[in-house]
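A.B. asks: Next comes the structure file my_file18.cif, holding mmCIF, C-alpha atoms.
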data_my_file
#
loop_
_atom_site.group_PDB
_atom_site.id
_atom_site.type_symbol
_atom_site.label_atom_id
_atom_site.label_comp_id
_atom_site.auth_asym_id
_atom_site.auth_seq_id
_atom_site.Cartn_x
_atom_site.Cartn_y
_atom_site.Cartn_z
ATOM 1 C CA MET V 1 72.044 44.183 -50.666
ATOM 2 C CA SER V 2 74.741 46.657 -51.564
ATOM 3 C CA GLY V 3 75.270 50.381 -51.944
ATOM 4 C CA PHE V 4 76.369 52.829 -49.265
ATOM 5 C CA VAL V 5 77.149 51.507 -45.807
ATOM 6 C CA GLU V 6 76.592 55.087 -44.609
ATOM 7 C CA LYS V 7 75.336 57.435 -47.301
ATOM 8 C CA PRO V 8 76.855 60.889 -46.759
ATOM 9 C CA GLU V 9 74.881 64.099 -46.612
ATOM 10 C CA PRO V 10 76.107 66.415 -49.375
ATOM 11 C CA ILE V 11 77.660 69.724 -48.360
ATOM 12 C CA GLN V 12 75.465 72.661 -49.288
ATOM 13 C CA VAL V 13 77.249 75.590 -50.960
ATOM 14 C CA PRO V 14 75.482 78.847 -51.903
ATOM 15 C CA GLY V 15 75.106 79.110 -55.666
ATOM 16 C CA LEU V 16 75.482 75.363 -56.226
ATOM 17 C CA VAL V 17 72.663 72.855 -56.663
ATOM 18 C CA HIS V 18 73.508 69.326 -55.600
ATOM 19 C CA LEU V 19 72.603 66.855 -58.341
ATOM 20 C CA HIS V 20 73.967 63.457 -57.410
ATOM 21 C CA THR V 21 75.993 61.453 -54.899
ATOM 22 C CA GLY V 22 78.105 58.810 -56.629
ATOM 23 C CA LYS V 23 80.412 56.150 -55.231
ATOM 24 C CA VAL V 24 83.265 58.646 -55.085
ATOM 25 C CA ARG V 25 82.077 61.975 -56.511
ATOM 26 C CA GLU V 26 79.548 64.601 -55.537
ATOM 27 C CA LEU V 27 78.037 66.373 -58.523
ATOM 28 C CA TYR V 28 76.746 69.942 -58.409
ATOM 29 C CA GLN V 29 75.603 72.537 -60.926
ATOM 30 C CA ASN V 30 76.598 76.186 -60.691
ATOM 31 C CA GLU V 31 74.534 79.196 -61.699
ATOM 32 C CA ALA V 32 76.140 79.246 -65.171
ATOM 33 C CA GLY V 33 74.896 75.706 -65.790
ATOM 34 C CA ASP V 34 78.359 74.135 -65.525
ATOM 35 C CA LEU V 35 78.946 70.974 -63.539
ATOM 36 C CA VAL V 36 81.093 70.977 -60.416
ATOM 37 C CA MET V 37 82.592 67.564 -59.633
ATOM 38 C CA VAL V 38 84.094 66.956 -56.199
ATOM 39 C CA ALA V 39 86.066 63.737 -55.680
ATOM 40 C CA SER V 40 85.717 62.465 -52.129
ATOM 41 C CA ASP V 41 88.025 60.037 -50.341
ATOM 42 C CA ARG V 42 85.369 57.314 -50.381
ATOM 43 C CA ILE V 43 86.316 53.860 -51.584
ATOM 44 C CA SER V 44 84.113 51.052 -52.836
ATOM 45 C CA ALA V 45 84.582 47.288 -53.041
ATOM 46 C CA PHE V 46 82.263 44.447 -53.984
ATOM 47 C CA ASP V 47 79.535 46.976 -54.878
ATOM 48 C CA TRP V 48 79.627 48.548 -51.422
ATOM 49 C CA VAL V 49 80.782 52.080 -50.661
ATOM 50 C CA LEU V 50 82.725 51.471 -47.480
ATOM 51 C CA PRO V 51 82.383 53.453 -44.238
ATOM 52 C CA THR V 52 86.154 54.130 -44.112
ATOM 53 C CA GLU V 53 87.793 56.770 -46.309
ATOM 54 C CA ILE V 54 91.307 56.717 -47.803
ATOM 55 C CA PRO V 55 93.019 60.076 -47.105
ATOM 56 C CA ASP V 56 94.001 62.045 -50.239
ATOM 57 C CA LYS V 57 92.371 59.533 -52.577
ATOM 58 C CA GLY V 58 90.038 62.096 -54.167
ATOM 59 C CA ARG V 59 92.898 64.509 -54.765
ATOM 60 C CA VAL V 60 95.059 61.787 -56.316
ATOM 61 C CA LEU V 61 92.252 60.816 -58.690
ATOM 62 C CA THR V 62 91.599 64.433 -59.664
ATOM 63 C CA GLN V 63 95.221 65.419 -60.179
ATOM 64 C CA LEU V 64 96.039 62.230 -62.071
ATOM 65 C CA SER V 65 93.037 62.749 -64.358
ATOM 66 C CA LEU V 66 94.197 66.289 -65.089
ATOM 67 C CA TRP V 67 97.665 64.976 -65.955
ATOM 68 C CA TRP V 68 96.196 62.367 -68.300
ATOM 69 C CA PHE V 69 93.899 64.908 -69.956
ATOM 70 C CA ASP V 70 97.069 66.755 -70.954
ATOM 71 C CA GLN V 71 98.668 63.571 -72.308
ATOM 72 C CA ILE V 72 95.709 62.796 -74.571
ATOM 73 C CA ALA V 73 94.766 66.362 -75.544
ATOM 74 C CA ASP V 74 95.695 65.780 -79.186
ATOM 75 C CA LEU V 75 93.458 62.705 -79.342
ATOM 76 C CA MET V 76 90.344 63.844 -77.532
ATOM 77 C CA PRO V 77 88.803 67.001 -76.060
ATOM 78 C CA ASN V 78 87.800 66.786 -72.400
ATOM 79 C CA HIS V 79 85.117 68.384 -70.272
ATOM 80 C CA VAL V 80 87.287 70.388 -67.854
ATOM 81 C CA LEU V 81 86.694 74.137 -67.760
ATOM 82 C CA GLY V 82 88.738 74.939 -64.661
ATOM 83 C CA THR V 83 89.852 73.950 -61.194
ATOM 84 C CA ASP V 84 89.084 77.096 -59.190
ATOM 85 C CA LEU V 85 87.012 76.550 -56.076
ATOM 86 C CA PRO V 86 83.477 77.935 -56.236
ATOM 87 C CA GLU V 87 82.943 80.858 -53.903
ATOM 88 C CA GLY V 88 81.908 79.643 -50.475
ATOM 89 C CA ALA V 89 83.155 76.084 -51.029
ATOM 90 C CA PRO V 90 84.976 74.392 -48.143
ATOM 91 C CA ALA V 91 88.778 74.552 -48.186
ATOM 92 C CA ASP V 92 88.887 70.749 -48.269
ATOM 93 C CA TRP V 93 87.568 70.856 -51.847
ATOM 94 C CA ALA V 94 90.905 72.250 -53.036
ATOM 95 C CA GLY V 95 92.686 69.843 -55.363
ATOM 96 C CA ARG V 96 89.661 67.580 -55.676
ATOM 97 C CA THR V 97 87.268 69.854 -57.579
ATOM 98 C CA LEU V 98 86.715 70.215 -61.331
ATOM 99 C CA VAL V 99 84.404 72.694 -63.017
ATOM 100 C CA CYS V 100 83.207 70.907 -66.147
ATOM 101 C CA LYS V 101 81.188 71.472 -69.257
ATOM 102 C CA SER V 102 77.736 69.930 -69.103
ATOM 103 C CA LEU V 103 77.507 67.221 -71.770
ATOM 104 C CA GLN V 104 74.898 64.931 -73.226
ATOM 105 C CA MET V 105 76.345 61.778 -71.727
ATOM 106 C CA VAL V 106 76.450 58.501 -73.645
ATOM 107 C CA PRO V 107 74.883 55.786 -71.430
ATOM 108 C CA VAL V 108 77.727 53.316 -71.984
ATOM 109 C CA GLU V 109 80.817 52.374 -69.985
ATOM 110 C CA ALA V 110 83.470 52.422 -72.712
ATOM 111 C CA VAL V 111 85.898 49.675 -71.665
ATOM 112 C CA ALA V 112 89.198 48.780 -73.328
ATOM 113 C CA ARG V 113 91.126 45.635 -72.470
ATOM 114 C CA GLY V 114 94.677 44.829 -73.399
ATOM 115 C CA TYR V 115 95.026 41.943 -70.958
ATOM 116 C CA LEU V 116 92.666 39.205 -69.835
ATOM 117 C CA THR V 117 91.371 39.327 -66.271
ATOM 118 C CA GLY V 118 88.234 40.058 -64.234
ATOM 119 C CA SER V 119 84.848 39.589 -65.863
ATOM 120 C CA GLY V 120 86.563 39.190 -69.227
ATOM 121 C CA LEU V 121 88.445 36.157 -67.937
ATOM 122 C CA THR V 122 85.221 34.672 -66.563
ATOM 123 C CA GLU V 123 83.506 34.929 -69.954
ATOM 124 C CA TYR V 124 86.594 33.682 -71.769
ATOM 125 C CA ASN V 125 86.750 30.556 -69.609
ATOM 126 C CA GLU V 126 83.131 29.817 -70.485
ATOM 127 C CA SER V 127 83.061 30.606 -74.203
ATOM 128 C CA ARG V 128 86.499 31.784 -75.423
ATOM 129 C CA THR V 129 84.928 35.207 -76.011
ATOM 130 C CA VAL V 130 84.791 38.598 -74.273
ATOM 131 C CA CYS V 131 81.659 40.653 -75.011
ATOM 132 C CA GLY V 132 81.072 38.305 -77.927
ATOM 133 C CA LEU V 133 84.552 38.848 -79.423
ATOM 134 C CA ALA V 134 86.334 35.575 -80.151
ATOM 135 C CA LEU V 135 89.789 35.179 -78.611
ATOM 136 C CA PRO V 136 92.460 32.528 -79.197
ATOM 137 C CA GLU V 137 92.839 29.382 -77.118
ATOM 138 C CA GLY V 138 95.415 29.142 -74.378
ATOM 139 C CA LEU V 139 94.946 32.488 -72.636
ATOM 140 C CA THR V 140 94.992 32.661 -68.868
ATOM 141 C CA ASP V 141 94.605 35.220 -66.063
ATOM 142 C CA GLY V 142 96.876 38.149 -66.936
ATOM 143 C CA SER V 143 97.583 37.131 -70.538
ATOM 144 C CA GLU V 144 98.249 39.956 -72.978
ATOM 145 C CA LEU V 145 95.671 39.978 -75.767
ATOM 146 C CA PRO V 146 96.765 39.888 -79.430
ATOM 147 C CA ALA V 147 95.427 43.463 -79.703
ATOM 148 C CA PRO V 148 93.365 45.747 -77.431
ATOM 149 C CA ILE V 149 89.617 45.158 -77.611
ATOM 150 C CA PHE V 150 86.570 47.347 -76.976
ATOM 151 C CA THR V 151 84.312 45.610 -74.455
ATOM 152 C CA PRO V 152 81.509 47.981 -73.453
ATOM 153 C CA ALA V 153 79.229 47.712 -70.454
ATOM 154 C CA THR V 154 75.978 49.242 -69.325
ATOM 155 C CA LYS V 155 76.129 51.878 -66.592
ATOM 156 C CA ALA V 156 74.778 50.634 -63.284
ATOM 157 C CA ALA V 157 73.384 52.489 -60.290
ATOM 158 C CA VAL V 158 75.394 52.632 -57.067
ATOM 159 C CA GLY V 159 75.397 49.141 -55.564
ATOM 160 C CA ASP V 160 74.721 47.342 -58.849
ATOM 161 C CA HIS V 161 77.081 45.632 -61.282
ATOM 162 C CA ASP V 162 77.865 47.079 -64.682
ATOM 163 C CA GLU V 163 76.851 44.463 -67.248
ATOM 164 C CA ASN V 164 79.091 43.617 -70.185
ATOM 165 C CA VAL V 165 77.319 43.906 -73.543
ATOM 166 C CA SER V 166 78.243 43.311 -77.162
ATOM 167 C CA TYR V 167 79.269 46.016 -79.595
ATOM 168 C CA GLU V 168 76.111 45.239 -81.556
ATOM 169 C CA GLU V 169 74.001 45.969 -78.478
ATOM 170 C CA VAL V 170 75.742 49.334 -78.026
ATOM 171 C CA ALA V 171 75.067 50.165 -81.678
ATOM 172 C CA ARG V 172 71.419 49.272 -81.160
ATOM 173 C CA GLN V 173 71.173 51.510 -78.076
ATOM 174 C CA VAL V 174 73.084 54.601 -79.230
ATOM 175 C CA GLY V 175 73.282 54.214 -83.020
ATOM 176 C CA ALA V 176 75.935 52.766 -85.307
ATOM 177 C CA ASP V 177 77.817 56.048 -85.809
ATOM 178 C CA THR V 178 78.100 56.819 -82.088
ATOM 179 C CA ALA V 179 79.104 53.229 -81.327
ATOM 180 C CA ALA V 180 81.872 53.387 -83.927
ATOM 181 C CA ARG V 181 83.135 56.711 -82.554
ATOM 182 C CA LEU V 182 83.105 55.327 -78.998
ATOM 183 C CA ARG V 183 85.132 52.301 -80.046
ATOM 184 C CA GLN V 184 87.682 54.346 -81.986
ATOM 185 C CA ALA V 185 88.141 56.901 -79.190
ATOM 186 C CA THR V 186 88.321 54.252 -76.461
ATOM 187 C CA LEU V 187 91.004 52.217 -78.207
ATOM 188 C CA ALA V 188 93.014 55.319 -79.177
ATOM 189 C CA VAL V 189 93.090 56.687 -75.623
ATOM 190 C CA TYR V 190 93.775 53.248 -74.141
ATOM 191 C CA SER V 191 96.687 52.705 -76.518
ATOM 192 C CA ARG V 192 98.220 56.095 -75.638
ATOM 193 C CA GLY V 193 97.814 55.372 -71.928
ATOM 194 C CA ARG V 194 99.221 51.853 -72.275
ATOM 195 C CA ASP V 195 102.355 53.114 -74.025
ATOM 196 C CA ILE V 196 102.978 55.933 -71.534
ATOM 197 C CA ALA V 197 102.415 53.611 -68.555
ATOM 198 C CA ARG V 198 104.670 50.921 -70.028
ATOM 199 C CA ASP V 199 107.501 53.445 -70.318
ATOM 200 C CA ARG V 200 107.126 53.940 -66.561
ATOM 201 C CA GLY V 201 107.163 50.242 -65.697
ATOM 202 C CA ILE V 202 103.406 49.881 -65.352
ATOM 203 C CA ILE V 203 101.004 47.674 -67.311
ATOM 204 C CA LEU V 204 97.624 49.234 -68.112
ATOM 205 C CA ALA V 205 95.615 46.016 -68.203
ATOM 206 C CA ASP V 206 92.212 47.553 -68.834
ATOM 207 C CA THR V 207 90.318 50.772 -68.251
ATOM 208 C CA LYS V 208 86.909 52.368 -68.619
ATOM 209 C CA PHE V 209 85.962 55.792 -69.939
ATOM 210 C CA GLU V 210 82.853 57.908 -70.035
ATOM 211 C CA PHE V 211 82.017 60.053 -73.027
ATOM 212 C CA GLY V 212 79.458 62.725 -73.793
ATOM 213 C CA PHE V 213 78.533 65.033 -76.634
ATOM 214 C CA ASP V 214 79.062 68.769 -76.767
ATOM 215 C CA GLY V 215 76.885 69.398 -79.829
ATOM 216 C CA ASP V 216 78.332 66.991 -82.394
ATOM 217 C CA THR V 217 81.730 66.750 -80.691
ATOM 218 C CA LEU V 218 82.524 63.614 -78.700
ATOM 219 C CA VAL V 219 84.190 64.594 -75.414
ATOM 220 C CA ILE V 220 85.853 62.461 -72.738
ATOM 221 C CA ALA V 221 84.513 63.075 -69.242
ATOM 222 C CA ASP V 222 84.689 62.058 -65.592
ATOM 223 C CA GLU V 223 88.018 60.533 -64.509
ATOM 224 C CA VAL V 224 90.632 59.148 -66.875
ATOM 225 C CA LEU V 225 93.207 56.386 -66.389
ATOM 226 C CA THR V 226 93.185 56.402 -62.590
ATOM 227 C CA PRO V 227 93.544 53.451 -60.196
ATOM 228 C CA ASP V 228 89.755 53.608 -59.700
ATOM 229 C CA SER V 229 88.915 53.344 -63.402
ATOM 230 C CA SER V 230 91.812 51.153 -64.518
ATOM 231 C CA ARG V 231 93.822 48.086 -63.626
ATOM 232 C CA PHE V 232 97.486 49.042 -63.262
ATOM 233 C CA TRP V 233 100.027 46.257 -62.683
ATOM 234 C CA PRO V 234 103.756 46.551 -61.952
ATOM 235 C CA PHE V 235 105.491 45.249 -65.080
ATOM 236 C CA ASP V 236 108.359 43.638 -63.192
ATOM 237 C CA GLN V 237 105.911 41.453 -61.245
ATOM 238 C CA TRP V 238 103.668 40.483 -64.167
ATOM 239 C CA GLN V 239 103.204 36.720 -64.362
ATOM 240 C CA PRO V 240 100.304 35.349 -66.431
ATOM 241 C CA GLY V 241 98.453 32.469 -64.854
ATOM 242 C CA ARG V 242 97.691 34.138 -61.533
ATOM 243 C CA ALA V 243 96.094 37.256 -60.091
ATOM 244 C CA GLN V 244 98.481 40.198 -60.544
ATOM 245 C CA PRO V 245 99.580 42.673 -57.880
ATOM 246 C CA SER V 246 97.955 46.005 -58.632
ATOM 247 C CA TYR V 247 97.877 49.719 -57.861
ATOM 248 C CA ASP V 248 94.311 49.938 -56.633
ATOM 249 C CA LYS V 249 91.996 48.488 -54.002
ATOM 250 C CA GLN V 250 93.838 45.184 -53.707
ATOM 251 C CA PHE V 251 94.564 45.573 -49.984
ATOM 252 C CA VAL V 252 90.923 46.467 -49.335
ATOM 253 C CA ARG V 253 89.546 43.498 -51.276
ATOM 254 C CA ASP V 254 92.058 41.103 -49.718
ATOM 255 C CA TRP V 255 91.232 42.205 -46.191
ATOM 256 C CA LEU V 256 87.462 42.151 -46.720
ATOM 257 C CA THR V 257 87.618 38.548 -47.993
ATOM 258 C CA SER V 258 89.982 37.431 -45.202
ATOM 259 C CA ALA V 259 88.951 35.698 -42.011
ATOM 260 C CA GLU V 260 90.227 38.711 -40.078
ATOM 261 C CA SER V 261 87.421 40.948 -41.369
ATOM 262 C CA GLY V 262 84.714 38.533 -40.246
ATOM 263 C CA TRP V 263 82.581 39.611 -43.208
ATOM 264 C CA ASP V 264 80.651 37.184 -45.367
ATOM 265 C CA ARG V 265 80.497 38.673 -48.842
ATOM 266 C CA LYS V 266 77.467 36.520 -49.680
ATOM 267 C CA SER V 267 75.479 37.797 -46.735
ATOM 268 C CA GLU V 268 73.291 40.888 -46.733
ATOM 269 C CA GLN V 269 75.369 42.489 -43.989
ATOM 270 C CA PRO V 270 77.380 45.597 -44.900
ATOM 271 C CA PRO V 271 81.163 45.310 -44.749
ATOM 272 C CA PRO V 272 82.982 46.527 -41.642
ATOM 273 C CA ALA V 273 85.270 49.512 -41.224
ATOM 274 C CA LEU V 274 88.824 49.081 -42.494
ATOM 275 C CA PRO V 275 91.741 48.818 -40.066
ATOM 276 C CA GLN V 276 94.339 51.584 -40.149
ATOM 277 C CA GLU V 277 97.052 49.422 -41.703
ATOM 278 C CA VAL V 278 94.797 48.655 -44.698
ATOM 279 C CA VAL V 279 93.944 52.365 -45.048
ATOM 280 C CA ASP V 280 97.638 53.309 -44.969
ATOM 281 C CA ALA V 281 98.680 50.607 -47.453
ATOM 282 C CA THR V 282 95.889 51.544 -49.859
ATOM 283 C CA ARG V 283 96.727 55.247 -49.711
ATOM 284 C CA ALA V 284 100.366 54.394 -50.399
ATOM 285 C CA LYS V 285 99.385 52.441 -53.539
ATOM 286 C CA TYR V 286 97.332 55.340 -54.930
ATOM 287 C CA VAL V 287 100.178 57.762 -54.259
ATOM 288 C CA GLU V 288 102.745 55.388 -55.783
ATOM 289 C CA ALA V 289 100.657 55.074 -58.958
ATOM 290 C CA TYR V 290 100.468 58.868 -59.222
ATOM 291 C CA GLU V 291 104.193 59.332 -58.671
ATOM 292 C CA ARG V 292 105.303 56.587 -61.055
ATOM 293 C CA LEU V 293 102.991 57.697 -63.846
ATOM 294 C CA THR V 294 103.545 61.446 -63.615
ATOM 295 C CA GLY V 295 107.184 61.387 -62.536
ATOM 296 C CA THR V 296 106.445 63.916 -59.803
ATOM 297 C CA SER V 297 106.273 63.477 -56.038
ATOM 298 C CA TRP V 298 102.986 63.718 -54.168
ATOM 299 C CA SER V 299 102.909 66.437 -51.550
#
Since I need it in another form, could you write the structure as structure tokens?
C.D. replies:
Amino acid sequence: MSGFVEKPEPIQVPGLVHLHTGKVRELYQNEAGDLVMVASDRISAFDWVLPTEIPDKGRVLTQLSLWWFDQIADLMPNHVLGTDLPEGAPADWAGRTLVCKSLQMVPVEAVARGYLTGSGLTEYNESRTVCGLALPEGLTDGSELPAPIFTPATKAAVGDHDENVSYEEVARQVGADTAARLRQATLAVYSRGRDIARDRGIILADTKFEFGFDGDTLVIADEVLTPDSSRFWPFDQWQPGRAQPSYDKQFVRDWLTSAESGWDRKSEQPPPALPQEVVDATRAKYVEAYERLTGTSWS
């Protein structure tokens, strides 16, 4: 089992039709046909959406995505139309709401990796490949790859794993031209993000993007280069051969797999609520990532 420990009831707003509840975001459509994305403070781990929220998390993700959209504007158009609150929306939506162009979404998680870890490391240890791409011998957890690679995955429903697939499988599903455009855009945006992050003392190990089409134009959508969609590591603590400290859900994962939580990940029981110290430490990591990347203080 996995999914929501407690699935929330979406807030109803006059003039908005609720479309979908995701792990973090609520998706609505307004009367003009535009999408309204609201980033909650929910957090997920091990395919569960936990019952405990992380204060300000949704705002950090939204504001950081907006900052990154500006940094990559010359590379890729994005889906954001505005940030004004819809009339009648709750005040809590401020800072966490995006009004977006409705796109024909590409059903692929567009993943770029510049370092070896996670599911890529698992495959590499078995076959010296990641998504079918051959890699050199001698790499270990946290190793920098000779060059960034495009390692797509299928999109999974809430509670399910995304599944890594080969480039050839993506081309079969969406067509050779779209697959090539996805790969080019993914690697270009990753490379820009990697260079900007590195200048700020942060390693962008890997990241995932979502793309859609506005007519014939490929557009980047959803969130971009956030601690939820990316692995960020502090450069001064990087040490290949071990798991790296990171700016994301590390405290949550560590606590859930500790004896203190009392939770058996292999059981069908949902995970427990997080203690306050884990909530506070996780919030601090999200805020630190925002501040280090943007060079501005969180208020």
A.B. asks: For the file shown, report as a list in words the outcome of the PyMOL selection byres ((chain V and resi 89) around 12) at residue level.
C.D. replies: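 Expected selection for the PyMOL selection byres ((chain V and resi 89) around 12) here is Ile11, Gln12, Val13, Pro14, Gly15, Leu16, Tyr28, Asn30, Val36, Val38, Asp84, Leu85, Pro86, Glu87, Gly88, Pro90, Ala91, Asp92, Trp93, Ala94, Arg96 and Thr97 of chain V.
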A.B. asks: Box for segment 61-80 of chain V - axis-aligned, 8 Å on each of the six sides, all listed atoms - centre and size in Å to one decimal, as AutoDock Vina command-line options.
C.D. replies:
--center_x 91.9 --center_y 65.6 --center_z -69.0 --size_x 29.6 --size_y 25.6 --size_z 36.7
A.B. asks: Which distance in Å separates atom CA of Leu133 of chain V and atom CA of Asp199 of chain V, to one decimal?
C.D. replies: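 A separation of 28.7 Å between them.
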A.B. asks: Taking the file as shown, what set of residues would the PyMOL selection byres ((chain V and resi 179-187) around 8) give back, as number ranges by chain?
C.D. replies: V: 75-76, 110-112, 148-150, 167, 170-171, 174-178, 188-191, 209, 211, 218
A.B. asks: Restricting the calculation to only C-alpha atoms, which member of V:Ala259, V:Pro152, V:Trp68, V:Val49 is positioned closest to Ala273 of chain V?
C.D. replies: V:Val49
A.B. asks: If the PyMOL selection byres ((chain V and resi 67) around 12) is run on the structure shown, which residues does it catch, given as a compact mmCIF listing (two decimals) with C-alpha atoms, in the coordinates of the input?
C.D. replies:
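out_38.txt, freshly written:
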# COMPACT_ATOMS: atom_id res chain seq x y z
CA VAL V 60 95.06 61.79 -56.32
CA LEU V 61 92.25 60.82 -58.69
CA THR V 62 91.60 64.43 -59.66
CA GLN V 63 95.22 65.42 -60.18
CA LEU V 64 96.04 62.23 -62.07
CA SER V 65 93.04 62.75 -64.36
CA LEU V 66 94.20 66.29 -65.09
CA TRP V 68 96.20 62.37 -68.30
CA PHE V 69 93.90 64.91 -69.96
CA ASP V 70 97.07 66.76 -70.95
CA GLN V 71 98.67 63.57 -72.31
CA ILE V 72 95.71 62.80 -74.57
CA ALA V 73 94.77 66.36 -75.54
CA ASN V 78 87.80 66.79 -72.40
CA VAL V 80 87.29 70.39 -67.85
CA GLY V 193 97.81 55.37 -71.93
CA ILE V 196 102.98 55.93 -71.53
CA GLU V 223 88.02 60.53 -64.51
CA VAL V 224 90.63 59.15 -66.88
CA LEU V 225 93.21 56.39 -66.39
CA THR V 226 93.18 56.40 -62.59
CA TYR V 290 100.47 58.87 -59.22
CA GLU V 291 104.19 59.33 -58.67
CA LEU V 293 102.99 57.70 -63.85
CA THR V 294 103.54 61.45 -63.62
CA GLY V 295 107.18 61.39 -62.54
CA THR V 296 106.44 63.92 -59.80
A.B. asks: Would you kindly return, as a PyMOL selection string, each protein, DNA or RNA residue with an atom no farther than 10 Å from any atom of Thr21 of chain V, considering all atoms listed in the file and excluding same-chain residues fewer than 4 positions away?
C.D. replies: chain V and resi 7-10+25-28+38+158
A.B. asks: Figure out the distance between atom CA of Thr122 of chain V and atom CA of Asn164 of chain V, please, to one decimal in Å.
C.D. replies: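 Spanning atom CA of Asn164 of chain V to atom CA of Thr122 of chain V is a straight-line distance of 11.4 Å.
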A.B. asks: Expressed in Å to a single decimal, how great is the separation between atom CA of Arg192 of chain V and atom CA of Val219 of chain V?
C.D. replies: 16.4 Å
A.B. asks: Measuring atom to atom with only C-alpha atoms, identify which of V:Gly215, V:Pro275, V:Gly114, V:Pro227 is nearest to Leu145 of chain V.
C.D. replies: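 Of all the options, V:Gly114 lies closest to Leu145 of chain V.
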A.B. asks: Between V:Gln237, V:Ser119, V:Ser267, V:Asn125, which is the closest to Val165 of chain V once you count only C-alpha atoms?
C.D. replies: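 Ranking V:Gln237, V:Ser119, V:Ser267, V:Asn125 by distance to Val165 of chain V, first place goes to V:Ser119.
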A.B. asks: Which is closest to Val279 of chain V among V:Gln29, V:Thr52, V:Ser143, V:Ser261, if we use all atoms listed in the file?
C.D. replies: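 Comparing V:Gln29, V:Thr52, V:Ser143, V:Ser261 against Val279 of chain V, the winner is V:Thr52.
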A.B. asks: Quick one: which segment 51-126 of chain V residues come within 8 Å of segment 41-45 of chain V, and what is the nearest atom pair for each with the distance in Å to one decimal, counting all atoms listed in the file, rows ordered by chain and ascending number, as JSON lines?
C.D. replies:
{"residue": "V:Pro51", "atom": "CA", "partner": "V:Arg42", "partner_atom": "CA", "distance": 7.8}
{"residue": "V:Thr52", "atom": "CA", "partner": "V:Arg42", "partner_atom": "CA", "distance": 7.1}
{"residue": "V:Glu53", "atom": "CA", "partner": "V:Arg42", "partner_atom": "CA", "distance": 4.8}
{"residue": "V:Ile54", "atom": "CA", "partner": "V:Asp41", "partner_atom": "CA", "distance": 5.3}
{"residue": "V:Pro55", "atom": "CA", "partner": "V:Asp41", "partner_atom": "CA", "distance": 6.0}
{"residue": "V:Asp56", "atom": "CA", "partner": "V:Asp41", "partner_atom": "CA", "distance": 6.3}
{"residue": "V:Lys57", "atom": "CA", "partner": "V:Asp41", "partner_atom": "CA", "distance": 4.9}
{"residue": "V:Gly58", "atom": "CA", "partner": "V:Asp41", "partner_atom": "CA", "distance": 4.8}
{"residue": "V:Arg59", "atom": "CA", "partner": "V:Asp41", "partner_atom": "CA", "distance": 8.0}
A.B. asks: For Phe251 of chain V, which of V:Ser102, V:Thr129, V:Ser229, V:Thr282 is the closest residue, counting all atoms listed in the file?
C.D. replies: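 Result for the nearest residue to Phe251 of chain V: V:Thr282.
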A.B. asks: Which is closer to Arg128 of chain V than all the others in V:Thr217, V:Leu116, V:Ala205, V:Leu98, using all atoms listed in the file?
C.D. replies: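 Nearest candidate to Arg128 of chain V out of V:Thr217, V:Leu116, V:Ala205, V:Leu98: V:Leu116.
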A.B. asks: Hey, what's within 7 Å of segment 104-107 of chain V if we count all atoms listed in the file and toss same-chain stuff fewer than 4 positions away? As a PyMOL selection string, please?
C.D. replies: chain V and resi 154-155+211-214
A.B. asks: Residues within 9 Å of Pro245 of chain V, please, as a list in words. Count only C-alpha atoms; anything in the same chain fewer than 3 positions from it doesn't count.
C.D. replies: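 With the cut-off at 9 Å, the set is Phe232, Trp233, Pro234, Gln237, Trp238 and Gln250 of chain V.
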A.B. asks: Please rebuild segment 278-284 of chain V with N, CA, C and O atoms and return the result as a PDB file, keeping the file's coordinate frame.
C.D. replies:
ATOM      1  N   VAL V 278      95.333  48.821 -43.338  1.00  0.00           N
ATOM      2  CA  VAL V 278      94.797  48.655 -44.698  1.00  0.00           C
ATOM      3  C   VAL V 278      94.585  50.028 -45.340  1.00  0.00           C
ATOM      4  O   VAL V 278      94.868  50.223 -46.525  1.00  0.00           O
ATOM      5  N   VAL V 279      94.101  50.992 -44.558  1.00  0.00           N
ATOM      6  CA  VAL V 279      93.944  52.365 -45.048  1.00  0.00           C
ATOM      7  C   VAL V 279      95.295  52.912 -45.497  1.00  0.00           C
ATOM      8  O   VAL V 279      95.439  53.465 -46.599  1.00  0.00           O
ATOM      9  N   ASP V 280      96.312  52.762 -44.655  1.00  0.00           N
ATOM     10  CA  ASP V 280      97.638  53.309 -44.969  1.00  0.00           C
ATOM     11  C   ASP V 280      98.242  52.649 -46.204  1.00  0.00           C
ATOM     12  O   ASP V 280      98.826  53.328 -47.066  1.00  0.00           O
ATOM     13  N   ALA V 281      98.108  51.323 -46.308  1.00  0.00           N
ATOM     14  CA  ALA V 281      98.680  50.607 -47.453  1.00  0.00           C
ATOM     15  C   ALA V 281      97.964  50.983 -48.745  1.00  0.00           C
ATOM     16  O   ALA V 281      98.598  51.123 -49.802  1.00  0.00           O
ATOM     17  N   THR V 282      96.652  51.176 -48.669  1.00  0.00           N
ATOM     18  CA  THR V 282      95.889  51.544 -49.859  1.00  0.00           C
ATOM     19  C   THR V 282      96.241  52.952 -50.308  1.00  0.00           C
ATOM     20  O   THR V 282      96.444  53.210 -51.500  1.00  0.00           O
ATOM     21  N   ARG V 283      96.318  53.879 -49.365  1.00  0.00           N
ATOM     22  CA  ARG V 283      96.727  55.247 -49.711  1.00  0.00           C
ATOM     23  C   ARG V 283      98.094  55.232 -50.387  1.00  0.00           C
ATOM     24  O   ARG V 283      98.318  55.917 -51.392  1.00  0.00           O
ATOM     25  N   ALA V 284      99.016  54.453 -49.847  1.00  0.00           N
ATOM     26  CA  ALA V 284     100.366  54.394 -50.399  1.00  0.00           C
ATOM     27  C   ALA V 284     100.350  53.898 -51.845  1.00  0.00           C
ATOM     28  O   ALA V 284     101.136  54.375 -52.676  1.00  0.00           O
TER      29      ALA V 284
END
